[in-house]
>>> print(open('run.pdb').read())   # PDB, C-alpha atoms
ATOM      1  CA  MET O  10     133.083 101.718  85.215
ATOM      2  CA  THR O  11     129.846  99.743  85.074
ATOM      3  CA  GLN O  12     127.977  98.754  88.185
ATOM      4  CA  ALA O  13     127.680  95.041  88.866
ATOM      5  CA  HIS O  14     124.145  93.683  88.850
ATOM      6  CA  ARG O  15     122.856  90.614  90.642
ATOM      7  CA  SER O  16     121.460  89.268  87.372
ATOM      8  CA  GLY O  17     120.212  90.324  83.962
ATOM      9  CA  CYS O  18     116.581  89.639  84.938
ATOM     10  CA  PRO O  19     114.460  92.701  84.037
ATOM     11  CA  ILE O  20     112.545  92.534  87.326
ATOM     12  CA  ASN O  21     115.789  92.378  89.316
ATOM     13  CA  LEU O  22     117.292  95.255  87.336
ATOM     14  CA  SER O  23     114.131  97.320  87.820
ATOM     15  CA  LEU O  24     114.220  96.684  91.563
ATOM     16  CA  GLU O  25     117.837  97.799  91.629
ATOM     17  CA  VAL O  26     116.614 101.170  90.320
ATOM     18  CA  PHE O  27     113.547 101.762  92.506
ATOM     19  CA  GLY O  28     113.177  98.795  94.821
ATOM     20  CA  ASP O  29     114.202 100.611  97.980
ATOM     21  CA  LYS O  30     111.678 101.976 100.469
ATOM     22  CA  TRP O  31     111.601 105.565  99.119
ATOM     23  CA  SER O  32     112.399 105.901  95.397
ATOM     24  CA  LEU O  33     108.955 104.964  94.050
ATOM     25  CA  LEU O  34     107.310 107.230  96.637
ATOM     26  CA  ILE O  35     109.461 110.157  95.511
ATOM     27  CA  LEU O  36     108.544 109.442  91.896
ATOM     28  CA  ARG O  37     104.874 109.067  92.925
ATOM     29  CA  ASP O  38     104.926 112.496  94.564
ATOM     30  CA  MET O  39     106.518 114.049  91.500
ATOM     31  CA  ILE O  40     104.139 112.332  89.074
ATOM     32  CA  PHE O  41     100.878 112.720  90.957
ATOM     33  CA  GLY O  42     101.648 115.677  93.226
ATOM     34  CA  GLY O  43     103.558 117.817  90.759
ATOM     35  CA  ARG O  44     106.361 118.328  93.263
ATOM     36  CA  ARG O  45     109.619 119.474  91.682
ATOM     37  CA  HIS O  46     111.685 121.061  94.495
ATOM     38  CA  PHE O  47     113.431 119.373  97.411
ATOM     39  CA  ARG O  48     111.280 121.110 100.069
ATOM     40  CA  GLU O  49     108.039 120.340  98.218
ATOM     41  CA  ILE O  50     108.922 116.659  98.135
ATOM     42  CA  LEU O  51     110.134 116.661 101.749
ATOM     43  CA  ASN O  52     107.157 118.532 103.203
ATOM     44  CA  GLY O  53     104.591 116.810 100.987
ATOM     45  CA  SER O  54     105.607 113.283 101.908
ATOM     46  CA  GLN O  55     102.884 111.676 104.012
ATOM     47  CA  GLU O  56     105.292 108.894 104.828
ATOM     48  CA  GLY O  57     107.724 111.295 106.519
ATOM     49  CA  ILE O  58     110.971 110.870 104.609
ATOM     50  CA  ALA O  59     114.031 112.271 106.379
ATOM     51  CA  SER O  60     115.888 115.064 104.582
ATOM     52  CA  ASN O  61     119.163 113.116 104.360
ATOM     53  CA  ILE O  62     117.374 110.095 102.869
ATOM     54  CA  LEU O  63     115.559 112.328 100.371
ATOM     55  CA  ALA O  64     118.818 113.995  99.324
ATOM     56  CA  ASN O  65     120.436 110.587  98.850
ATOM     57  CA  ARG O  66     117.536 109.165  96.832
ATOM     58  CA  LEU O  67     117.217 112.254  94.616
ATOM     59  CA  LYS O  68     120.940 112.076  93.838
ATOM     60  CA  ARG O  69     120.648 108.365  93.096
ATOM     61  CA  LEU O  70     117.605 108.857  90.836
ATOM     62  CA  VAL O  71     119.483 111.581  88.949
ATOM     63  CA  ASP O  72     122.565 109.343  88.627
ATOM     64  CA  LEU O  73     120.382 106.515  87.302
ATOM     65  CA  GLY O  74     118.746 108.765  84.707
ATOM     66  CA  MET O  75     115.294 108.676  86.282
ATOM     67  CA  LEU O  76     115.391 112.411  87.054
ATOM     68  CA  THR O  77     117.262 115.468  85.897
ATOM     69  CA  LYS O  78     118.294 118.367  88.103
ATOM     70  CA  ARG O  79     118.812 121.960  87.091
ATOM     71  CA  ASP O  80     119.157 125.273  88.871
ATOM     72  CA  ASP O  81     115.932 127.151  89.516
ATOM     73  CA  PRO O  82     116.238 130.510  87.744
ATOM     74  CA  THR O  83     113.889 132.118  90.301
ATOM     75  CA  HIS O  84     115.992 131.193  93.341
ATOM     76  CA  LYS O  85     119.738 130.625  93.362
ATOM     77  CA  GLN O  86     119.621 128.095  96.201
ATOM     78  CA  LYS O  87     116.873 125.923  94.719
ATOM     79  CA  ALA O  88     117.017 123.163  92.161
ATOM     80  CA  ILE O  89     114.229 121.881  89.938
ATOM     81  CA  TYR O  90     113.919 118.138  89.489
ATOM     82  CA  SER O  91     112.290 116.794  86.339
ATOM     83  CA  LEU O  92     111.080 113.370  85.368
ATOM     84  CA  THR O  93     112.799 111.682  82.450
ATOM     85  CA  GLU O  94     111.079 109.453  79.911
ATOM     86  CA  PRO O  95     111.817 106.255  81.898
ATOM     87  CA  SER O  96     110.146 107.805  84.960
ATOM     88  CA  ILE O  97     107.167 109.040  82.985
ATOM     89  CA  GLU O  98     106.658 105.548  81.603
ATOM     90  CA  LEU O  99     106.116 104.321  85.174
ATOM     91  CA  VAL O 100     102.523 105.664  85.051
ATOM     92  CA  PRO O 101     101.007 102.298  83.990
ATOM     93  CA  ILE O 102     103.092 100.528  86.637
ATOM     94  CA  MET O 103     101.909 102.991  89.289
ATOM     95  CA  ALA O 104      98.332 102.386  88.116
ATOM     96  CA  ALA O 105      98.822  98.610  88.409
ATOM     97  CA  LEU O 106     100.420  98.926  91.871
ATOM     98  CA  GLY O 107      97.562 101.157  93.008
ATOM     99  CA  THR O 108      94.965  98.725  91.693
ATOM    100  CA  TRP O 109      96.695  95.767  93.323
ATOM    101  CA  GLY O 110      97.135  97.595  96.634
ATOM    102  CA  SER O 111      93.502  98.700  96.619
ATOM    103  CA  ARG O 112      92.378  95.131  96.077
ATOM    104  CA  TRP O 113      94.581  93.362  98.605
ATOM    105  CA  LEU O 114      95.636  95.858 101.276
ATOM    106  CA  PRO O 115      93.798  97.931 103.928
ATOM    107  CA  VAL O 116      93.833 101.246 102.035
ATOM    108  CA  THR O 117      91.848 104.333 102.945
ATOM    109  CA  GLU O 118      89.244 105.690 100.545
ATOM    110  CA  GLU O 119      90.817 109.147 100.325
ATOM    111  CA  LEU O 120      94.278 107.781  99.558
ATOM    112  CA  SER O 121      93.075 105.135  97.113
ATOM    113  CA  ILE O 122      90.619 107.154  95.014
ATOM    114  CA  ARG O 123      93.331 108.386  92.634
ATOM    115  CA  ALA O 124      94.483 104.801  92.056
ATOM    116  CA  ARG O 125      90.902 103.719  91.388
ATOM    117  CA  VAL O 126      90.266 106.537  88.896
ATOM    118  CA  LEU O 127      93.592 105.899  87.177
ATOM    119  CA  GLY O 128      92.959 102.150  87.027
ATOM    120  CA  GLU O 129      89.443 102.608  85.666
ATOM    121  CA  GLY O 130      90.721 105.107  83.086
ATOM    122  CA  GLY O 131      93.011 102.465  81.625
ATOM    123  CA  PRO O 132      95.621 102.911  78.906
ATOM    124  CA  GLU O 133      93.846 105.861  77.274
ATOM    125  CA  LEU O 134      94.009 107.902  80.502
ATOM    126  CA  TRP O 135      97.571 106.739  81.221
ATOM    127  CA  ASP O 136      98.699 107.827  77.749
ATOM    128  CA  ARG O 137      97.071 111.229  78.217
ATOM    129  CA  PHE O 138      98.710 111.607  81.634
ATOM    130  CA  MET O 139     102.125 110.620  80.260
ATOM    131  CA  ALA O 140     101.711 113.170  77.438
ATOM    132  CA  GLU O 141     100.923 115.860  80.024
ATOM    133  CA  LEU O 142     103.974 114.839  82.071
ATOM    134  CA  ARG O 143     106.152 114.998  78.947
ATOM    135  CA  GLN O 144     104.940 118.538  78.374
ATOM    136  CA  GLU O 145     105.550 119.556  81.994
ATOM    137  CA  HIS O 146     108.955 117.892  82.426
ATOM    138  CA  LEU O 147     110.412 117.511  78.944
ATOM    139  CA  GLY O 148     108.810 120.414  77.089
ATOM    140  CA  ILE O 149     107.138 118.152  74.520
ATOM    141  CA  PRO O 150     103.796 119.726  73.572
ATOM    142  CA  ALA O 151     100.669 117.731  74.428
ATOM    143  CA  ASP O 152      97.198 118.036  72.978
ATOM    144  CA  PRO O 153      94.816 119.893  75.261
ATOM    145  CA  ALA O 154      92.589 117.738  77.429
ATOM    146  CA  PRO O 155      89.191 117.107  75.849
ATOM    147  CA  ASP O 156      87.401 118.306  78.997
ATOM    148  CA  GLY O 157      89.863 121.136  79.689
ATOM    149  CA  LYS O 158      91.217 119.436  82.848
ATOM    150  CA  THR O 159      94.574 117.799  83.193
ATOM    151  CA  VAL O 160      94.633 114.223  84.415
ATOM    152  CA  ARG O 161      96.345 115.376  87.612
ATOM    153  CA  GLN O 162      93.520 117.885  88.213
ATOM    154  CA  SER O 163      90.881 115.199  87.603
ATOM    155  CA  LEU O 164      92.621 112.913  90.103
ATOM    156  CA  GLN O 165      92.836 115.761  92.631
ATOM    157  CA  ASP O 166      89.146 116.591  92.122
ATOM    158  CA  ALA O 167      88.249 112.952  92.853
ATOM    159  CA  TYR O 168      90.375 113.068  96.007
ATOM    160  CA  LEU O 169      88.781 116.316  97.193
ATOM    161  CA  ALA O 170      85.296 114.921  96.547
ATOM    162  CA  VAL O 171      86.050 111.890  98.735
ATOM    163  CA  VAL O 172      87.554 114.067 101.472
ATOM    164  CA  ALA O 173      84.530 116.394 101.378
ATOM    165  CA  GLY O 174      82.167 113.430 101.550
ATOM    166  CA  SER O 175      83.978 111.891 104.505
ATOM    167  CA  CYS O 176      83.926 115.045 106.627
ATOM    168  CA  THR O 177      81.367 115.024 109.381
ATOM    169  CA  VAL O 178      80.227 118.095 111.267
TER     170      VAL O 178
END
>>> encode(input="run.pdb", output="structure tokens")
Amino acid sequence: MTQAHRSGCPINLSLEVFGDKWSLLILRDMIFGGRRHFREILNGSQEGIASNILANRLKRLVDLGMLTKRDDPTHKQKAIYSLTEPSIELVPIMAALGTWGSRWLPVTEELSIRARVLGEGGPELWDRFMAELRQEHLGIPADPAPDGKTVRQSLQDAYLAVVAGSCTV
């Protein structure tokens, strides 16, 4: 049975996938934070997602083909969530949302630095990041980073530099 959609508009259909309050944040945490287990996503969420909401959204994202779920071979009660190609291809959209939010909304420096670096890096950086995500989640080999750092590590380094600079003693 196919699900009824409000319209065939690509923006409407996209919002039907991740237009709720939590789905993009879950994908953000998986993409940028490298979180793959339920507890990592739950405990790493700055926005404070409830466990029942997280369980519901993860199931929905799996059902929609945005994530896959498999048993964790290291722990029989854990599952590993992986991004699929449609989720990985959200990187440029996340970059655009981050750039827009940084321009128009009252963001904090430490939480917007990754968006700024990603936006300034442009399509070349996004492509490299998506290749790294494909390797991590889909097992598709990626070329090594020219500077030896993954994009995620470069983004984290920028974040840590801002946090270190904003600390006062």
>>> resolve_selection(input="run.pdb", expression="the PyMOL selection byres ((chain O and resi 31) around 12)", output="JSON, numbers by chain")
{"O": [24, 26, 27, 28, 29, 30, 32, 33, 34, 35, 36, 37, 38, 50, 51, 54, 55, 56, 57, 58, 59, 60, 61, 62, 63, 64, 65, 66, 67, 69, 70]}
>>> write_last_selection(input="run.pdb", atoms="C-alpha atoms", output="mmCIF file, in the frame of the given file")
data_model
loop_
_atom_site.group_PDB
_atom_site.id
_atom_site.type_symbol
_atom_site.label_atom_id
_atom_site.label_comp_id
_atom_site.auth_asym_id
_atom_site.auth_seq_id
_atom_site.Cartn_x
_atom_site.Cartn_y
_atom_site.Cartn_z
ATOM 1 C CA LEU O 24 114.220 96.684 91.563
ATOM 2 C CA VAL O 26 116.614 101.170 90.320
ATOM 3 C CA PHE O 27 113.547 101.762 92.506
ATOM 4 C CA GLY O 28 113.177 98.795 94.821
ATOM 5 C CA ASP O 29 114.202 100.611 97.980
ATOM 6 C CA LYS O 30 111.678 101.976 100.469
ATOM 7 C CA SER O 32 112.399 105.901 95.397
ATOM 8 C CA LEU O 33 108.955 104.964 94.050
ATOM 9 C CA LEU O 34 107.310 107.230 96.637
ATOM 10 C CA ILE O 35 109.461 110.157 95.511
ATOM 11 C CA LEU O 36 108.544 109.442 91.896
ATOM 12 C CA ARG O 37 104.874 109.067 92.925
ATOM 13 C CA ASP O 38 104.926 112.496 94.564
ATOM 14 C CA ILE O 50 108.922 116.659 98.135
ATOM 15 C CA LEU O 51 110.134 116.661 101.749
ATOM 16 C CA SER O 54 105.607 113.283 101.908
ATOM 17 C CA GLN O 55 102.884 111.676 104.012
ATOM 18 C CA GLU O 56 105.292 108.894 104.828
ATOM 19 C CA GLY O 57 107.724 111.295 106.519
ATOM 20 C CA ILE O 58 110.971 110.870 104.609
ATOM 21 C CA ALA O 59 114.031 112.271 106.379
ATOM 22 C CA SER O 60 115.888 115.064 104.582
ATOM 23 C CA ASN O 61 119.163 113.116 104.360
ATOM 24 C CA ILE O 62 117.374 110.095 102.869
ATOM 25 C CA LEU O 63 115.559 112.328 100.371
ATOM 26 C CA ALA O 64 118.818 113.995 99.324
ATOM 27 C CA ASN O 65 120.436 110.587 98.850
ATOM 28 C CA ARG O 66 117.536 109.165 96.832
ATOM 29 C CA LEU O 67 117.217 112.254 94.616
ATOM 30 C CA ARG O 69 120.648 108.365 93.096
ATOM 31 C CA LEU O 70 117.605 108.857 90.836
#
>>> closest_residue(input="run.pdb", among="O:Asp152, O:Asp136, O:Glu145, O:Glu119", to="O:Gln165", atoms="all atoms listed in the file")
O:Glu119
>>> closest_residue(input="run.pdb", among="O:Ile122, O:Met75, O:Val116, O:Met39", to="O:Glu94", atoms="all atoms listed in the file")
O:Met75
>>> residues_around(input="run.pdb", residues="O:Tyr90", least_positions_apart="6", cutoff="8 Å", atoms="all atoms listed in the file", output="number ranges by chain")
O: 45-46, 76-79
>>> residues_around(input="run.pdb", residues="O:Phe41", least_positions_apart="5", cutoff="12 Å", atoms="all atoms listed in the file", output="VMD selection string")
chain O and resid 33 to 36 50 53 to 54 92 97 99 to 100 103 to 104 120 123 to 124 127 135 138 to 139 141 to 142 159 to 165 168
>>> atom_distance(input="run.pdb", atom1="atom CA of O:Pro150", atom2="atom CA of O:Arg125")
27.2 Å
>>> axis_aligned_box(input="run.pdb", around="stretch 53-66 of chain O", padding_each_side="3 Å", output="AutoDock Vina command-line options")
--center_x 111.7 --center_y 112.9 --center_z 101.7 --size_x 23.6 --size_y 13.9 --size_z 15.7
>>> atom_distance(input="run.pdb", atom1="atom CA of O:Ser96", atom2="atom CA of O:Ser111")
22.3 Å
